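Enquirer: Coordinates in my_file_11.cif, mmCIF, C-alpha atoms, are listed below.
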```cif
data_model
loop_
_atom_site.label_atom_id
_atom_site.label_comp_id
_atom_site.auth_asym_id
_atom_site.auth_seq_id
_atom_site.Cartn_x
_atom_site.Cartn_y
_atom_site.Cartn_z
CA TRP A 291 -174.97 37.06 66.60
CA GLY A 292 -176.31 33.52 66.41
CA ASP A 293 -174.70 30.10 66.70
CA ALA A 294 -170.97 30.15 65.95
CA ALA A 295 -171.16 26.54 64.67
CA CYS A 296 -173.58 27.79 61.99
CA GLY A 297 -171.35 30.55 60.65
CA ALA A 298 -172.30 33.34 63.07
CA ASP A 299 -168.66 33.90 64.08
CA SER A 300 -166.70 35.59 61.29
CA SER A 301 -163.87 36.78 63.54
CA SER A 302 -161.33 34.49 61.83
CA VAL A 303 -161.88 36.30 58.50
CA GLN A 304 -162.99 39.72 59.73
CA ASP A 305 -159.89 41.43 58.31
CA GLN A 306 -160.73 39.96 54.86
CA LEU A 307 -164.32 41.19 54.86
CA ARG A 308 -163.67 44.46 53.07
CA ASP A 309 -165.31 45.75 49.88
CA VAL A 310 -167.91 42.96 50.10
CA GLN A 311 -170.31 42.97 47.14
CA CYS A 312 -172.47 39.93 47.91
CA ILE A 313 -172.97 37.33 50.65
CA LYS A 314 -174.56 33.90 50.19
CA GLY A 315 -175.19 31.24 52.83
CA THR A 316 -175.66 27.53 53.22
CA LYS A 317 -177.32 26.17 56.37
CA LEU A 318 -174.01 26.30 58.26
CA ALA A 319 -171.61 28.63 56.40
CA PHE A 320 -171.25 31.88 54.48
CA ALA A 321 -169.34 33.05 51.41
CA ALA A 322 -168.72 36.64 50.37
CA ILE A 323 -167.58 38.07 47.03
CA ARG A 324 -165.23 41.01 47.36
CA ALA A 325 -164.93 43.85 44.83
CA ASP A 326 -161.79 42.26 43.39
CA GLY A 327 -163.69 39.04 42.55
CA THR A 328 -162.15 36.93 45.30
CA VAL A 329 -164.22 34.95 47.79
CA VAL A 330 -164.01 34.76 51.59
CA THR A 331 -165.68 31.87 53.45
CA TRP A 332 -166.41 31.05 57.08
CA GLY A 333 -168.55 28.70 59.13
CA ASP A 334 -168.74 24.91 59.20
CA PRO A 335 -165.86 23.64 57.01
CA SER A 336 -167.75 20.67 55.56
CA SER A 337 -170.72 22.88 54.65
CA GLY A 338 -168.74 25.39 52.56
CA GLY A 339 -167.05 27.37 55.32
CA ASP A 340 -163.64 26.19 54.15
CA SER A 341 -162.81 26.96 50.52
CA SER A 342 -159.05 26.46 50.85
CA SER A 343 -159.06 23.46 48.47
CA VAL A 344 -160.32 25.71 45.64
CA ALA A 345 -158.99 29.10 46.78
CA ASP A 346 -156.66 29.40 43.77
CA GLN A 347 -159.71 29.06 41.46
CA LEU A 348 -161.86 31.62 43.27
CA LYS A 349 -160.88 34.65 41.24
CA ASP A 350 -162.97 36.88 38.98
CA VAL A 351 -166.12 35.52 40.66
CA LEU A 352 -169.34 37.22 39.52
CA GLN A 353 -172.00 35.32 41.46
CA LEU A 354 -172.40 32.78 44.27
CA PHE A 355 -175.06 30.09 44.51
CA SER A 356 -175.77 27.57 47.25
CA THR A 357 -177.49 24.39 48.25
CA ASP A 358 -178.09 23.53 51.91
CA LEU A 359 -174.45 22.45 52.36
CA ALA A 360 -172.40 23.56 49.32
CA PHE A 361 -171.48 26.58 47.21
CA ALA A 362 -170.97 27.18 43.49
CA ALA A 363 -169.16 30.24 42.17
CA LEU A 364 -169.70 31.51 38.63
CA ARG A 365 -166.56 33.14 37.27
CA ALA A 366 -166.30 35.84 34.61
CA ASP A 367 -164.90 33.27 32.16
CA GLY A 368 -168.11 31.20 32.42
CA ARG A 369 -166.52 28.43 34.47
CA VAL A 370 -167.85 27.10 37.78
CA VAL A 371 -166.02 26.36 41.03
CA THR A 372 -167.72 24.26 43.74
CA TRP A 373 -166.92 23.38 47.35
CA GLY A 374 -168.64 22.13 50.48
CA ASP A 375 -170.45 18.85 51.02
CA ARG A 376 -169.67 16.68 47.99
CA LEU A 377 -173.06 14.92 48.05
CA SER A 378 -174.87 18.28 48.07
CA GLY A 379 -173.19 19.63 44.91
CA GLY A 380 -169.84 20.61 46.41
CA ASP A 381 -168.02 18.19 44.11
CA SER A 382 -168.53 18.91 40.40
CA ARG A 383 -165.53 16.96 39.07
CA GLU A 384 -167.72 14.51 37.11
CA VAL A 385 -169.28 17.34 35.09
CA GLN A 386 -166.47 19.90 35.17
CA ALA A 387 -165.72 19.43 31.46
CA GLU A 388 -169.33 20.46 30.67
CA LEU A 389 -169.29 23.43 33.06
CA GLN A 390 -167.96 25.91 30.54
CA HIS A 391 -169.84 28.87 29.11
CA VAL A 392 -172.25 28.82 32.06
CA TYR A 393 -174.89 31.53 32.06
CA LEU A 394 -176.81 30.89 35.29
CA ILE A 395 -176.91 28.40 38.18
CA HIS A 396 -179.66 27.39 40.57
CA GLY A 397 -179.33 25.31 43.73
CA SER A 398 -181.93 23.01 45.26
CA ALA A 399 -181.55 21.50 48.74
CA ALA A 400 -178.72 19.22 47.58
CA ALA A 401 -178.02 19.72 43.85
CA PHE A 402 -177.13 22.39 41.32
CA ALA A 403 -178.30 22.94 37.74
CA ALA A 404 -176.49 25.26 35.35
CA ILE A 405 -177.75 26.80 32.10
CA LEU A 406 -175.10 27.04 29.41
CA THR A 407 -174.94 29.85 26.88
CA ASP A 408 -175.80 27.34 24.11
CA GLY A 409 -179.06 26.46 25.91
CA GLY A 410 -177.81 23.22 27.44
CA CYS A 411 -178.28 22.28 31.08
CA VAL A 412 -175.86 20.46 33.38
CA ALA A 413 -176.93 19.13 36.77
CA TRP A 414 -174.88 17.60 39.59
CA GLY A 415 -175.23 16.72 43.25
CA ASP A 416 -177.70 14.45 45.01
CA GLU A 417 -179.73 12.52 42.46
CA ALA A 418 -182.83 12.66 44.68
CA ALA A 419 -182.57 16.47 44.66
CA GLY A 420 -182.28 16.75 40.86
CA GLY A 421 -178.54 16.18 40.50
CA TYR A 422 -178.78 13.27 38.05
CA GLY A 423 -175.88 11.62 39.84
CA GLY A 424 -173.55 14.23 38.37
CA SER A 425 -173.42 12.78 34.89
CA ARG A 426 -176.19 14.05 32.64
CA GLN A 427 -176.21 16.93 30.20
CA THR A 428 -179.30 17.84 28.22
CA LYS A 429 -179.09 20.06 25.16
CA SER A 430 -181.82 22.34 23.91
CA ASN A 431 -182.14 24.64 20.93
CA SER A 432 -183.41 27.47 23.08
CA GLN A 433 -182.43 28.94 26.43
CA LYS A 434 -186.07 29.82 26.97
CA SER A 435 -186.91 26.16 27.57
CA TRP A 436 -184.81 26.26 30.76
CA TRP A 437 -186.19 29.47 32.25
CA SER A 438 -188.90 27.61 34.18
CA ILE A 439 -186.19 25.82 36.19
CA PHE A 440 -184.81 29.13 37.36
CA GLY A 441 -188.10 30.97 37.91
#
```
Take the structure in this file and express it as structure tokens.
Expert:
Amino acid sequence: WGDAACGADSSSVQDQLRDVQCIKGTKLAFAAIRADGTVVTWGDPSSGGDSSSVADQLKDVLQLFSTDLAFAALRADGRVVTWGDRLSGGDSREVQAELQHVYLIHGSAAAFAAILTDGGCVAWGDEAAGGYGGSRQTKSNSQKSWWSIFG
């Protein structure tokens, strides 16, 4: 039910929606993690409904996170895969080298921030939404200093 342009029509992927463990949404699309760690997406392609450009990387996914128009997937190896609107965090290429050993991610309206296992934080996406233009990494001696971001 709902507006098909906003992800309400999953008929194109219905046969793939088996053993679903988790579903996350943007404003116009959905993504689902299956029991085998793969991800199925549908809805507006530019808002995360089309993950074909990163489909080969969407394996062993543990968690999904979203902004209004993009998704981030945290894999079992601590790496992050992003897709959707590039200005809303869907393009993490500028910080991809830092997105290793990720512990947790949080999305704002148009940016993501990730806590690393060493206590560092990496942010990307729209600078006005906290993304730091996709180029800043801040280190800390303690993970606890970042918990307020993810409260």
Enquirer: Determine the residue membership of the PyMOL selection byres ((chain A and resi 330) around 9) for the file above and supply it as a list in words.
Expert: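 In the shown coordinates, the PyMOL selection byres ((chain A and resi 330) around 9) covers Val303, Gln306, Leu307, Phe320, Ala321, Ala322, Ile323, Arg324, Thr328, Val329, Thr331, Trp332, Gly339, Asp340, Ser341 and Ala345 of chain A.
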Enquirer: When you count all atoms listed in the file, which of these residues is closest to A:Ile313: A:Ser398, A:Ser382, A:Ser356, A:Gln390?
Expert: A:Ser356
Enquirer: Need to verify the contact set: stretch 293-300 of chain A, 7 Å, only C-alpha atoms, exclusion of same-chain residues closer than 6 positions in sequence. Can you return it as a list of chain:residue names?
Expert: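 Selected residues are A:Lys317, A:Leu318, A:Ala319, A:Phe320, A:Trp332, A:Gly333, A:Asp334.
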Enquirer: Can you tell me how far atom CA of A:Ala366 sits from atom CA of A:Ser301, in Å to one decimal?
Expert: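 Rounded to one decimal, the two atoms are 29.0 Å apart.
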Enquirer: On this file, the PyMOL selection byres ((chain A and resi 371-378) around 6) gives some set of residues; write that set as a PyMOL selection string.
Expert: chain A and resi 336-338+359-363+370+379-381+400-401+415-416
Enquirer: Generate a file of the selected residues that holds C-alpha atoms, formatted as a PDB file, in the coordinates of the input.
Expert:
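Written out: again12.pdb:
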```pdb
ATOM      1  CA  SER A 336    -167.750  20.670  55.560  1.00  0.00           C
ATOM      2  CA  SER A 337    -170.720  22.880  54.650  1.00  0.00           C
ATOM      3  CA  GLY A 338    -168.740  25.390  52.560  1.00  0.00           C
ATOM      4  CA  LEU A 359    -174.450  22.450  52.360  1.00  0.00           C
ATOM      5  CA  ALA A 360    -172.400  23.560  49.320  1.00  0.00           C
ATOM      6  CA  PHE A 361    -171.480  26.580  47.210  1.00  0.00           C
ATOM      7  CA  ALA A 362    -170.970  27.180  43.490  1.00  0.00           C
ATOM      8  CA  ALA A 363    -169.160  30.240  42.170  1.00  0.00           C
ATOM      9  CA  VAL A 370    -167.850  27.100  37.780  1.00  0.00           C
ATOM     10  CA  GLY A 379    -173.190  19.630  44.910  1.00  0.00           C
ATOM     11  CA  GLY A 380    -169.840  20.610  46.410  1.00  0.00           C
ATOM     12  CA  ASP A 381    -168.020  18.190  44.110  1.00  0.00           C
ATOM     13  CA  ALA A 400    -178.720  19.220  47.580  1.00  0.00           C
ATOM     14  CA  ALA A 401    -178.020  19.720  43.850  1.00  0.00           C
ATOM     15  CA  GLY A 415    -175.230  16.720  43.250  1.00  0.00           C
ATOM     16  CA  ASP A 416    -177.700  14.450  45.010  1.00  0.00           C
TER      17      ASP A 416
END
```
Enquirer: At a cut-off of 12 Å around the point (-167.3, 20.8, 34.9) (file coordinates), what residues fall inside when counting all atoms listed in the file? I'd like the answer as a PyMOL selection string.
Expert: chain A and resi 362+364+368-372+379-392+402-404+406+411-414+424-427
Enquirer: Would you write out those residues with C-alpha atoms, as a PDB file, in the frame of the given file?
Expert:
```pdb
ATOM      1  CA  ALA A 362    -170.970  27.180  43.490  1.00  0.00           C
ATOM      2  CA  LEU A 364    -169.700  31.510  38.630  1.00  0.00           C
ATOM      3  CA  GLY A 368    -168.110  31.200  32.420  1.00  0.00           C
ATOM      4  CA  ARG A 369    -166.520  28.430  34.470  1.00  0.00           C
ATOM      5  CA  VAL A 370    -167.850  27.100  37.780  1.00  0.00           C
ATOM      6  CA  VAL A 371    -166.020  26.360  41.030  1.00  0.00           C
ATOM      7  CA  THR A 372    -167.720  24.260  43.740  1.00  0.00           C
ATOM      8  CA  GLY A 379    -173.190  19.630  44.910  1.00  0.00           C
ATOM      9  CA  GLY A 380    -169.840  20.610  46.410  1.00  0.00           C
ATOM     10  CA  ASP A 381    -168.020  18.190  44.110  1.00  0.00           C
ATOM     11  CA  SER A 382    -168.530  18.910  40.400  1.00  0.00           C
ATOM     12  CA  ARG A 383    -165.530  16.960  39.070  1.00  0.00           C
ATOM     13  CA  GLU A 384    -167.720  14.510  37.110  1.00  0.00           C
ATOM     14  CA  VAL A 385    -169.280  17.340  35.090  1.00  0.00           C
ATOM     15  CA  GLN A 386    -166.470  19.900  35.170  1.00  0.00           C
ATOM     16  CA  ALA A 387    -165.720  19.430  31.460  1.00  0.00           C
ATOM     17  CA  GLU A 388    -169.330  20.460  30.670  1.00  0.00           C
ATOM     18  CA  LEU A 389    -169.290  23.430  33.060  1.00  0.00           C
ATOM     19  CA  GLN A 390    -167.960  25.910  30.540  1.00  0.00           C
ATOM     20  CA  HIS A 391    -169.840  28.870  29.110  1.00  0.00           C
ATOM     21  CA  VAL A 392    -172.250  28.820  32.060  1.00  0.00           C
ATOM     22  CA  PHE A 402    -177.130  22.390  41.320  1.00  0.00           C
ATOM     23  CA  ALA A 403    -178.300  22.940  37.740  1.00  0.00           C
ATOM     24  CA  ALA A 404    -176.490  25.260  35.350  1.00  0.00           C
ATOM     25  CA  LEU A 406    -175.100  27.040  29.410  1.00  0.00           C
ATOM     26  CA  CYS A 411    -178.280  22.280  31.080  1.00  0.00           C
ATOM     27  CA  VAL A 412    -175.860  20.460  33.380  1.00  0.00           C
ATOM     28  CA  ALA A 413    -176.930  19.130  36.770  1.00  0.00           C
ATOM     29  CA  TRP A 414    -174.880  17.600  39.590  1.00  0.00           C
ATOM     30  CA  GLY A 424    -173.550  14.230  38.370  1.00  0.00           C
ATOM     31  CA  SER A 425    -173.420  12.780  34.890  1.00  0.00           C
ATOM     32  CA  ARG A 426    -176.190  14.050  32.640  1.00  0.00           C
ATOM     33  CA  GLN A 427    -176.210  16.930  30.200  1.00  0.00           C
TER      34      GLN A 427
END
```
Enquirer: Which residue is closest to A:Phe355? Choose from A:Lys314, A:Gly409, A:Asp309, A:Ala325 and count all atoms listed in the file.
Expert: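 With all atoms listed in the file as the atom set, the closest residue is A:Lys314.
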Enquirer: Rounded to one decimal place, report the atom CA of A:Leu394-atom CA of A:Ser342 distance in Å.
Expert: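 According to the coordinates, atom CA of A:Leu394 and atom CA of A:Ser342 are separated by 24.0 Å.
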Enquirer: In Å to one decimal, how far is atom CA of A:Thr407 from atom CA of A:Gly315?
Expert: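 If I compute the distance from atom CA of A:Gly315 to atom CA of A:Thr407, I get 26.0 Å.
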